[in-house]
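Student: Just so it is clear, I am handing over upload-v4.cif, which has mmCIF, C-alpha atoms.
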data_final
#
loop_
_atom_site.group_PDB
_atom_site.id
_atom_site.type_symbol
_atom_site.label_atom_id
_atom_site.label_comp_id
_atom_site.auth_asym_id
_atom_site.auth_seq_id
_atom_site.Cartn_x
_atom_site.Cartn_y
_atom_site.Cartn_z
ATOM 1 C CA MET A 60 100.767 75.511 81.021
ATOM 2 C CA ARG A 61 102.792 78.696 81.437
ATOM 3 C CA LYS A 62 106.330 78.618 82.712
ATOM 4 C CA PRO A 63 106.296 78.415 86.521
ATOM 5 C CA GLU A 64 108.733 81.324 86.894
ATOM 6 C CA LYS A 65 106.491 83.499 84.798
ATOM 7 C CA GLU A 66 103.432 82.408 86.686
ATOM 8 C CA LEU A 67 104.987 83.250 90.065
ATOM 9 C CA ALA A 68 106.127 86.618 88.748
ATOM 10 C CA GLU A 69 102.587 87.283 87.567
ATOM 11 C CA ILE A 70 101.176 86.412 90.996
ATOM 12 C CA LYS A 71 103.663 88.643 92.774
ATOM 13 C CA ALA A 72 103.020 91.568 90.432
ATOM 14 C CA MET A 73 99.270 91.253 90.910
ATOM 15 C CA MET A 74 99.567 91.127 94.700
ATOM 16 C CA GLU A 75 101.750 94.231 94.744
ATOM 17 C CA ARG A 76 99.721 96.231 92.280
ATOM 18 C CA SER A 77 96.457 95.474 94.037
ATOM 19 C CA SER A 78 97.587 96.210 97.563
ATOM 20 C CA ARG A 79 100.229 98.892 97.242
ATOM 21 C CA PHE A 80 100.218 102.416 95.927
ATOM 22 C CA LEU A 81 103.301 102.399 93.731
ATOM 23 C CA SER A 82 102.991 105.692 91.896
ATOM 24 C CA LEU A 83 104.333 107.850 94.692
ATOM 25 C CA SER A 84 106.567 110.368 92.988
ATOM 26 C CA GLY A 85 110.108 110.760 94.288
ATOM 27 C CA LEU A 86 110.489 114.103 92.580
ATOM 28 C CA SER A 87 107.606 115.517 94.602
ATOM 29 C CA GLY A 88 109.498 114.486 97.755
ATOM 30 C CA VAL A 89 112.497 116.539 96.623
ATOM 31 C CA LEU A 90 110.283 119.546 95.894
ATOM 32 C CA ALA A 91 108.444 119.210 99.216
ATOM 33 C CA GLY A 92 111.835 119.199 100.953
ATOM 34 C CA ILE A 93 112.851 122.365 99.144
ATOM 35 C CA TYR A 94 109.597 124.144 100.099
ATOM 36 C CA ALA A 95 110.154 123.095 103.712
ATOM 37 C CA LEU A 96 113.731 124.399 103.686
ATOM 38 C CA ILE A 97 112.609 127.739 102.290
ATOM 39 C CA GLY A 98 109.896 127.914 104.950
ATOM 40 C CA ALA A 99 112.327 127.023 107.709
ATOM 41 C CA GLY A 100 114.749 129.628 106.382
ATOM 42 C CA LEU A 101 112.075 132.327 106.597
ATOM 43 C CA VAL A 102 111.132 131.299 110.120
ATOM 44 C CA TYR A 103 114.791 131.353 111.164
ATOM 45 C CA TYR A 104 115.117 134.833 109.745
ATOM 46 C CA TRP A 105 112.112 136.115 111.677
ATOM 47 C CA ILE A 106 112.780 134.454 114.990
ATOM 48 C CA TYR A 107 116.526 134.011 115.406
ATOM 49 C CA PHE A 108 118.346 136.182 112.908
ATOM 50 C CA PRO A 109 121.107 137.258 113.271
ATOM 51 C CA SER A 110 121.979 134.748 115.989
ATOM 52 C CA SER A 111 122.440 130.998 115.474
ATOM 53 C CA PRO A 112 119.391 128.915 114.425
ATOM 54 C CA TRP A 113 118.826 127.354 117.835
ATOM 55 C CA GLY A 114 118.130 128.436 121.390
ATOM 56 C CA GLU A 115 115.264 130.386 122.889
ATOM 57 C CA GLY A 116 113.503 132.256 120.166
ATOM 58 C CA VAL A 117 110.233 132.173 121.980
ATOM 59 C CA GLU A 118 110.172 135.793 123.105
ATOM 60 C CA SER A 119 109.711 137.112 119.613
ATOM 61 C CA LEU A 120 106.971 134.554 119.006
ATOM 62 C CA LYS A 121 104.795 136.307 121.535
ATOM 63 C CA SER A 122 104.286 139.103 119.019
ATOM 64 C CA SER A 123 101.218 138.331 117.000
ATOM 65 C CA VAL A 124 102.696 139.578 113.715
ATOM 66 C CA ILE A 125 105.319 136.840 113.703
ATOM 67 C CA PHE A 126 102.783 134.328 114.919
ATOM 68 C CA GLN A 127 100.541 135.101 111.955
ATOM 69 C CA ARG A 128 103.435 134.943 109.518
ATOM 70 C CA LEU A 129 104.384 131.568 110.964
ATOM 71 C CA LEU A 130 100.894 130.212 110.397
ATOM 72 C CA ILE A 131 100.810 131.490 106.835
ATOM 73 C CA VAL A 132 104.211 129.983 106.008
ATOM 74 C CA ALA A 133 103.220 126.639 107.507
ATOM 75 C CA PHE A 134 99.988 126.633 105.543
ATOM 76 C CA VAL A 135 101.608 127.600 102.224
ATOM 77 C CA VAL A 136 104.352 124.966 102.598
ATOM 78 C CA LEU A 137 101.759 122.310 103.424
ATOM 79 C CA VAL A 138 99.485 123.135 100.495
ATOM 80 C CA LEU A 139 102.376 123.334 98.024
ATOM 81 C CA ALA A 140 103.854 120.034 99.223
ATOM 82 C CA ILE A 141 100.593 118.086 99.134
ATOM 83 C CA GLY A 142 99.579 119.685 95.836
ATOM 84 C CA THR A 143 102.884 118.801 94.194
ATOM 85 C CA ALA A 144 102.783 115.244 95.533
ATOM 86 C CA GLY A 145 99.233 114.721 94.297
ATOM 87 C CA LEU A 146 99.890 116.204 90.882
ATOM 88 C CA LEU A 147 103.159 114.396 90.165
ATOM 89 C CA SER A 148 101.859 111.072 91.493
ATOM 90 C CA GLN A 149 98.790 111.379 89.322
ATOM 91 C CA LYS A 150 100.998 112.078 86.336
ATOM 92 C CA ARG A 151 103.154 109.089 87.138
ATOM 93 C CA SER A 152 100.260 106.728 87.552
ATOM 94 C CA SER A 153 98.865 107.693 84.167
ATOM 95 C CA LYS A 154 102.314 107.164 82.661
ATOM 96 C CA THR A 155 102.634 103.684 84.137
ATOM 97 C CA ALA A 156 99.003 102.882 83.279
ATOM 98 C CA ASN A 157 98.121 102.388 86.929
ATOM 99 C CA GLN A 158 94.915 103.710 88.428
ATOM 100 C CA PHE A 159 95.456 106.745 90.664
ATOM 101 C CA TRP A 160 92.270 106.258 92.683
ATOM 102 C CA SER A 161 92.489 102.610 93.528
ATOM 103 C CA PRO A 162 91.606 100.692 96.689
ATOM 104 C CA ALA A 163 95.353 100.616 97.367
ATOM 105 C CA SER A 164 95.870 104.357 97.030
ATOM 106 C CA LYS A 165 92.839 105.085 99.210
ATOM 107 C CA ARG A 166 94.159 102.793 101.917
ATOM 108 C CA PHE A 167 97.564 104.464 101.650
ATOM 109 C CA MET A 168 96.073 107.917 102.088
ATOM 110 C CA LYS A 169 93.878 106.871 104.972
ATOM 111 C CA ALA A 170 96.851 105.310 106.750
ATOM 112 C CA LEU A 171 98.927 108.446 106.202
ATOM 113 C CA PHE A 172 96.405 111.185 106.777
ATOM 114 C CA ILE A 173 94.702 110.004 109.961
ATOM 115 C CA PRO A 174 97.907 110.462 112.018
ATOM 116 C CA VAL A 175 99.014 113.494 109.999
ATOM 117 C CA VAL A 176 95.733 115.399 110.317
ATOM 118 C CA SER A 177 95.556 114.616 114.040
ATOM 119 C CA GLY A 178 99.137 115.823 114.324
ATOM 120 C CA GLY A 179 98.293 119.018 112.491
ATOM 121 C CA LEU A 180 95.371 119.722 114.810
ATOM 122 C CA PHE A 181 97.523 118.858 117.817
ATOM 123 C CA ALA A 182 100.207 121.285 116.662
ATOM 124 C CA PHE A 183 97.552 123.928 116.169
ATOM 125 C CA SER A 184 96.308 123.404 119.716
ATOM 126 C CA LEU A 185 99.874 123.815 120.991
ATOM 127 C CA MET A 186 100.125 127.092 119.105
ATOM 128 C CA HIS A 187 96.769 128.161 120.435
ATOM 129 C CA GLU A 188 97.931 127.505 123.989
ATOM 130 C CA GLY A 189 101.203 129.296 123.382
ATOM 131 C CA GLN A 190 103.336 126.157 123.805
ATOM 132 C CA PHE A 191 105.608 126.883 120.876
ATOM 133 C CA GLU A 192 108.537 124.806 122.101
ATOM 134 C CA LEU A 193 106.993 121.482 121.158
ATOM 135 C CA ILE A 194 105.406 122.290 117.804
ATOM 136 C CA ALA A 195 108.365 121.049 115.754
ATOM 137 C CA ALA A 196 108.541 117.851 117.812
ATOM 138 C CA ALA A 197 104.802 117.185 117.527
ATOM 139 C CA THR A 198 104.641 117.641 113.749
ATOM 140 C CA LEU A 199 107.707 115.425 113.235
ATOM 141 C CA VAL A 200 106.484 112.640 115.524
ATOM 142 C CA PHE A 201 102.991 112.493 114.057
ATOM 143 C CA TYR A 202 104.309 112.650 110.497
ATOM 144 C CA GLY A 203 106.811 109.887 111.205
ATOM 145 C CA LEU A 204 104.104 107.656 112.667
ATOM 146 C CA GLY A 205 101.884 108.374 109.671
ATOM 147 C CA LEU A 206 104.640 107.381 107.262
ATOM 148 C CA ILE A 207 105.430 104.158 109.125
ATOM 149 C CA ASN A 208 101.730 103.346 109.148
ATOM 150 C CA ALA A 209 101.316 104.103 105.439
ATOM 151 C CA SER A 210 104.464 102.233 104.407
ATOM 152 C CA HIS A 211 102.491 98.970 104.461
ATOM 153 C CA PHE A 212 100.560 100.211 101.456
ATOM 154 C CA THR A 213 103.331 101.669 99.342
ATOM 155 C CA LEU A 214 107.048 101.354 98.571
ATOM 156 C CA ASN A 215 108.958 100.023 101.557
ATOM 157 C CA ASP A 216 111.490 102.866 101.503
ATOM 158 C CA ILE A 217 108.878 105.072 103.111
ATOM 159 C CA LYS A 218 109.217 103.181 106.372
ATOM 160 C CA ASN A 219 112.813 104.324 106.909
ATOM 161 C CA LEU A 220 111.841 107.880 106.088
ATOM 162 C CA GLY A 221 109.177 107.556 108.795
ATOM 163 C CA PHE A 222 111.680 106.300 111.370
ATOM 164 C CA GLY A 223 113.972 109.196 110.495
ATOM 165 C CA GLN A 224 111.214 111.752 111.118
ATOM 166 C CA LEU A 225 110.195 110.015 114.332
ATOM 167 C CA ILE A 226 113.724 110.047 115.751
ATOM 168 C CA LEU A 227 114.241 113.707 114.843
ATOM 169 C CA GLY A 228 110.874 114.465 116.451
ATOM 170 C CA LEU A 229 111.880 112.806 119.696
ATOM 171 C CA ILE A 230 115.200 114.646 119.717
ATOM 172 C CA ALA A 231 113.285 117.889 119.212
ATOM 173 C CA ALA A 232 110.986 116.962 122.094
ATOM 174 C CA PHE A 233 113.887 116.540 124.536
ATOM 175 C CA PHE A 234 115.872 119.468 123.180
ATOM 176 C CA PRO A 235 113.225 121.994 122.143
ATOM 177 C CA ALA A 236 115.924 124.584 121.554
ATOM 178 C CA TYR A 237 116.904 122.602 118.454
ATOM 179 C CA GLY A 238 113.300 122.281 117.275
ATOM 180 C CA LEU A 239 113.577 124.381 114.150
ATOM 181 C CA LEU A 240 116.842 122.705 113.216
ATOM 182 C CA CYS A 241 115.319 119.225 113.580
ATOM 183 C CA TRP A 242 112.276 120.322 111.666
ATOM 184 C CA ALA A 243 114.410 121.588 108.777
ATOM 185 C CA LEU A 244 116.433 118.360 108.819
ATOM 186 C CA GLY A 245 113.298 116.170 108.829
ATOM 187 C CA PHE A 246 110.868 117.909 106.532
ATOM 188 C CA GLY A 247 113.601 119.455 104.407
ATOM 189 C CA VAL A 248 116.791 117.443 104.152
ATOM 190 C CA LEU A 249 115.312 113.953 104.684
ATOM 191 C CA HIS A 250 112.627 114.607 102.072
ATOM 192 C CA VAL A 251 115.202 115.725 99.538
ATOM 193 C CA ILE A 252 117.440 112.706 100.210
ATOM 194 C CA TYR A 253 114.622 110.157 100.133
ATOM 195 C CA GLY A 254 112.876 111.755 97.192
ATOM 196 C CA ALA A 255 116.092 111.711 95.172
ATOM 197 C CA MET A 256 116.795 108.110 96.198
ATOM 198 C CA MET A 257 113.340 106.981 95.139
ATOM 199 C CA TYR A 258 113.552 108.931 91.933
ATOM 200 C CA TYR A 259 116.797 107.219 90.912
ATOM 201 C CA LYS A 260 115.588 103.825 92.063
ATOM 202 C CA TYR A 261 112.141 103.698 90.480
ATOM 203 C CA GLU A 262 111.590 106.463 87.986
ATOM 204 C CA ARG A 263 114.503 106.366 85.608
ATOM 205 C CA MET B 1151 105.767 65.753 94.694
ATOM 206 C CA LYS B 1152 104.415 68.381 97.084
ATOM 207 C CA GLY B 1153 101.664 70.740 96.039
ATOM 208 C CA ASN B 1154 99.159 70.367 93.335
ATOM 209 C CA TYR B 1155 98.617 72.045 89.976
ATOM 210 C CA ASP B 1156 95.112 73.427 90.278
ATOM 211 C CA LYS B 1157 93.176 73.527 87.013
ATOM 212 C CA ALA B 1158 91.055 76.324 88.426
ATOM 213 C CA PHE B 1159 94.079 78.611 88.207
ATOM 214 C CA GLU B 1160 95.071 77.623 84.709
ATOM 215 C CA ASN B 1161 93.297 80.611 83.289
ATOM 216 C CA ILE B 1162 95.263 83.840 83.734
ATOM 217 C CA VAL B 1163 92.254 85.907 84.819
ATOM 218 C CA ARG B 1164 91.381 83.432 87.565
ATOM 219 C CA LEU B 1165 95.014 83.293 88.667
ATOM 220 C CA ARG B 1166 95.119 87.075 88.900
ATOM 221 C CA VAL B 1167 91.820 87.296 90.754
ATOM 222 C CA MET B 1168 93.047 84.800 93.301
ATOM 223 C CA SER B 1169 96.410 86.594 93.703
ATOM 224 C CA VAL B 1170 94.595 89.838 94.404
ATOM 225 C CA LEU B 1171 92.341 88.162 96.959
ATOM 226 C CA MET B 1172 95.330 86.652 98.743
ATOM 227 C CA ALA B 1173 96.830 90.118 99.226
ATOM 228 C CA ASN B 1174 93.566 91.920 100.017
ATOM 229 C CA GLU B 1175 90.803 90.944 102.397
ATOM 230 C CA GLN B 1176 88.150 92.158 99.985
ATOM 231 C CA TYR B 1177 88.098 93.496 96.454
ATOM 232 C CA ASP B 1178 85.187 94.724 94.432
ATOM 233 C CA PHE B 1179 84.184 93.980 90.868
ATOM 234 C CA ASN B 1180 85.182 97.363 89.466
ATOM 235 C CA GLY B 1181 88.514 97.181 91.241
ATOM 236 C CA PHE B 1182 89.298 93.933 89.428
ATOM 237 C CA LYS B 1183 88.165 95.401 86.162
ATOM 238 C CA GLU B 1184 90.435 98.426 86.403
ATOM 239 C CA LEU B 1185 93.375 96.381 87.618
ATOM 240 C CA MET B 1186 93.375 93.796 84.861
ATOM 241 C CA GLU B 1187 91.637 95.421 81.918
ATOM 242 C CA VAL B 1188 89.142 92.684 81.165
ATOM 243 C CA THR B 1189 85.592 92.978 79.904
ATOM 244 C CA ASP B 1190 82.655 92.722 82.301
ATOM 245 C CA GLY B 1191 81.434 89.471 80.796
ATOM 246 C CA ASN B 1192 84.813 87.780 80.831
ATOM 247 C CA LEU B 1193 85.503 88.781 84.401
ATOM 248 C CA SER B 1194 82.127 87.807 85.779
ATOM 249 C CA SER B 1195 82.214 84.394 84.123
ATOM 250 C CA HIS B 1196 85.600 83.660 85.690
ATOM 251 C CA LEU B 1197 84.438 84.929 89.054
ATOM 252 C CA ARG B 1198 81.408 82.669 88.817
ATOM 253 C CA THR B 1199 83.634 79.678 88.097
ATOM 254 C CA LEU B 1200 85.721 80.412 91.180
ATOM 255 C CA GLU B 1201 82.561 80.880 93.209
ATOM 256 C CA LYS B 1202 81.203 77.512 92.075
ATOM 257 C CA GLN B 1203 84.490 75.897 93.052
ATOM 258 C CA GLY B 1204 83.987 77.355 96.510
ATOM 259 C CA TYR B 1205 87.206 79.376 96.264
ATOM 260 C CA VAL B 1206 85.661 82.844 96.498
ATOM 261 C CA GLU B 1207 82.690 84.349 98.246
ATOM 262 C CA VAL B 1208 80.666 87.277 97.054
ATOM 263 C CA GLU B 1209 78.838 89.827 99.162
ATOM 264 C CA LYS B 1210 76.380 91.990 97.277
ATOM 265 C CA SER B 1211 75.316 95.340 98.614
ATOM 266 C CA PHE B 1212 74.209 98.769 97.503
ATOM 267 C CA VAL B 1213 76.283 101.921 97.752
ATOM 268 C CA GLY B 1214 73.659 104.595 97.292
ATOM 269 C CA ARG B 1215 71.769 103.221 94.327
ATOM 270 C CA LYS B 1216 74.706 101.424 92.744
ATOM 271 C CA PRO B 1217 75.063 97.711 93.314
ATOM 272 C CA GLN B 1218 78.448 96.622 94.571
ATOM 273 C CA SER B 1219 79.903 93.110 94.622
ATOM 274 C CA ASN B 1220 82.668 92.515 97.121
ATOM 275 C CA TYR B 1221 84.703 89.382 96.671
ATOM 276 C CA SER B 1222 86.850 87.583 99.213
ATOM 277 C CA ALA B 1223 88.769 84.292 99.232
ATOM 278 C CA THR B 1224 87.357 81.388 101.227
ATOM 279 C CA THR B 1225 89.543 79.187 103.408
ATOM 280 C CA ALA B 1226 89.295 76.447 100.801
ATOM 281 C CA GLY B 1227 90.382 78.928 98.154
ATOM 282 C CA LYS B 1228 93.376 80.069 100.193
ATOM 283 C CA VAL B 1229 94.463 76.459 100.802
ATOM 284 C CA ALA B 1230 94.082 75.605 97.131
ATOM 285 C CA PHE B 1231 96.074 78.648 96.104
ATOM 286 C CA GLN B 1232 98.820 77.836 98.579
ATOM 287 C CA ASN B 1233 99.009 74.315 97.170
ATOM 288 C CA HIS B 1234 99.234 75.735 93.689
ATOM 289 C CA LEU B 1235 102.079 77.999 94.788
ATOM 290 C CA ASN B 1236 103.900 75.092 96.440
ATOM 291 C CA TYR B 1237 103.607 73.111 93.246
ATOM 292 C CA LEU B 1238 105.095 75.936 91.192
ATOM 293 C CA GLU B 1239 107.936 76.456 93.638
ATOM 294 C CA ASN B 1240 108.783 72.773 93.691
ATOM 295 C CA LEU B 1241 108.763 72.659 89.942
ATOM 296 C CA ILE B 1242 111.241 75.515 89.793
ATOM 297 C CA ASN B 1243 113.490 73.921 92.417
ATOM 298 C CA GLN B 1244 113.468 70.611 90.573
ATOM 299 C CA ASN B 1245 114.385 72.206 87.283
ATOM 300 C CA LYS B 1246 117.384 73.825 88.923
ATOM 301 C CA ILE B 1247 118.959 70.510 89.870
#
Output the structure of this file as structure tokens.
Tutor:
Amino acid sequence: MRKPEKELAEIKAMMERSSRFLSLSGLSGVLAGIYALIGAGLVYYWIYFPSSPWGEGVESLKSSVIFQRLLIVAFVVLVLAIGTAGLLSQKRSSKTANQFWSPASKRFMKALFIPVVSGGLFAFSLMHEGQFELIAAATLVFYGLGLINASHFTLNDIKNLGFGQLILGLIAAFFPAYGLLCWALGFGVLHVIYGAMMYYKYER
Amino acid sequence: MKGNYDKAFENIVRLRVMSVLMANEQYDFNGFKELMEVTDGNLSSHLRTLEKQGYVEVEKSFVGRKPQSNYSATTAGKVAFQNHLNYLENLINQNKI
């Protein structure tokens, strides 16, 4: 018979590895945060500059040039962030000899992307209807819910990140004037902080 | 002494299979294989043993033209595993005193 401590450790490891996606890369969180901050900086420059980064910037949004730029920036940030996360997580899972496409990782992605894709489409419909005030709030709230949902299938730290995004989203919903600021804090600063935390905790 | 050392879980592959099935409602053959790096023959013989014991159930189906075997733990299997866990925990607690 094996030692009971070892046997219990084995059981726990097997349960975690089979049900949770553990290769999520912290570094990709930091990079995603930086992309988001750059994007938010550009948007601030187009809409608010040279005044402070809050308040009614909606007038300038009515011009279709800025509207198009906004869409392009959002799209580029999204693609870069998801691409980086996928690539670095894949690299990490091969380094730790874990499978990247496993039942656990598929469940994780399903749990994350159903709310996030709905949120994206919802935000797009807001844009389409010209309701720019609530776009930041909508993306933050849906993303936060997605993260909380997906946290059951990955490292637990993700849950707190989700609550952070959710709270910022609700603040942005009640105070739309601070939308861009909340968005930069959530998608930018929180990502950088959490990514760095996870990197130091799990990847060194 | 509470709990019971279950011979069915003496083998490490069977222990791992059962751990996975406690944490997941269903798991398929290839999933097990990738997770624990065992050969087909080894894995299927251990799965058959657990099936004969009545600890796991198998559901065979086709995905496209590929056969797929989905395994899940039975109630008896879950109870047996819990007993096994209790036994291990008690053993550890006793050794501490």
Student: Please report as CSV every residue of chain B lying within 7 Å of chain A, along with the nearest atom pair and their distance in Å (one decimal), using all atoms listed in the file.
Tutor:
residue,atom,partner,partner_atom,distance
B:Arg1166,CA,A:Met73,CA,6.2
B:Ser1169,CA,A:Ile70,CA,5.5
B:Val1170,CA,A:Met74,CA,5.1
B:Ala1173,CA,A:Met74,CA,5.4
B:Asn1174,CA,A:Ser78,CA,6.4
B:Leu1238,CA,A:Pro63,CA,5.4
B:Ile1242,CA,A:Pro63,CA,6.6
Student: I'd like to know which of B:Met1168, B:Ala1230, B:Tyr1237, B:Val1163 is closest to Met1186 in chain B, using all atoms listed in the file.
Tutor: B:Val1163
Student: Using all atoms listed in the file, pick whichever of B:Leu1193, B:Glu1187, B:Tyr1177, B:Tyr1155 has the shortest atom-to-atom distance to Glu1209 in chain B.
Tutor: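 Smallest separation from Glu1209 in chain B among the options: B:Tyr1177.
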Student: Compare B:Ser1222, B:Lys1228, B:His1196, B:Gln1203 by their minimum atom-to-atom distance to Ile1162 in chain B, counting only C-alpha atoms, and give me the closest one.
Tutor: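 Nearest to Ile1162 in chain B: B:His1196.
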Student: Report as a count of residues only the residues that result from applying the PyMOL selection byres ((chain A and resi 148) around 8) to the structure here.
Tutor: 13
Student: Figure out the distance between CA of Tyr261 in chain A and CA of Ala99 in chain A, please, to one decimal in Å.
Tutor: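 Going from CA of Ala99 in chain A over to CA of Tyr261 in chain A, I get 29.0 Å.
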Student: Carefully work through the PyMOL selection byres ((chain B and resi 1206) around 7) for this structure and note down the residues it includes, as a list in words.
Tutor: Leu1200, Glu1201, Gly1204, Tyr1205, Glu1207, Val1208, Tyr1221, Ser1222, Ala1223, Thr1224 and Gly1227 of chain B
Student: Where does the PyMOL selection byres ((chain A and resi 244-248) around 6) land in this file, that is, which residues does it pick, as a PyMOL selection string?
Tutor: chain A and resi 92+95-96+224+241-243+249-251
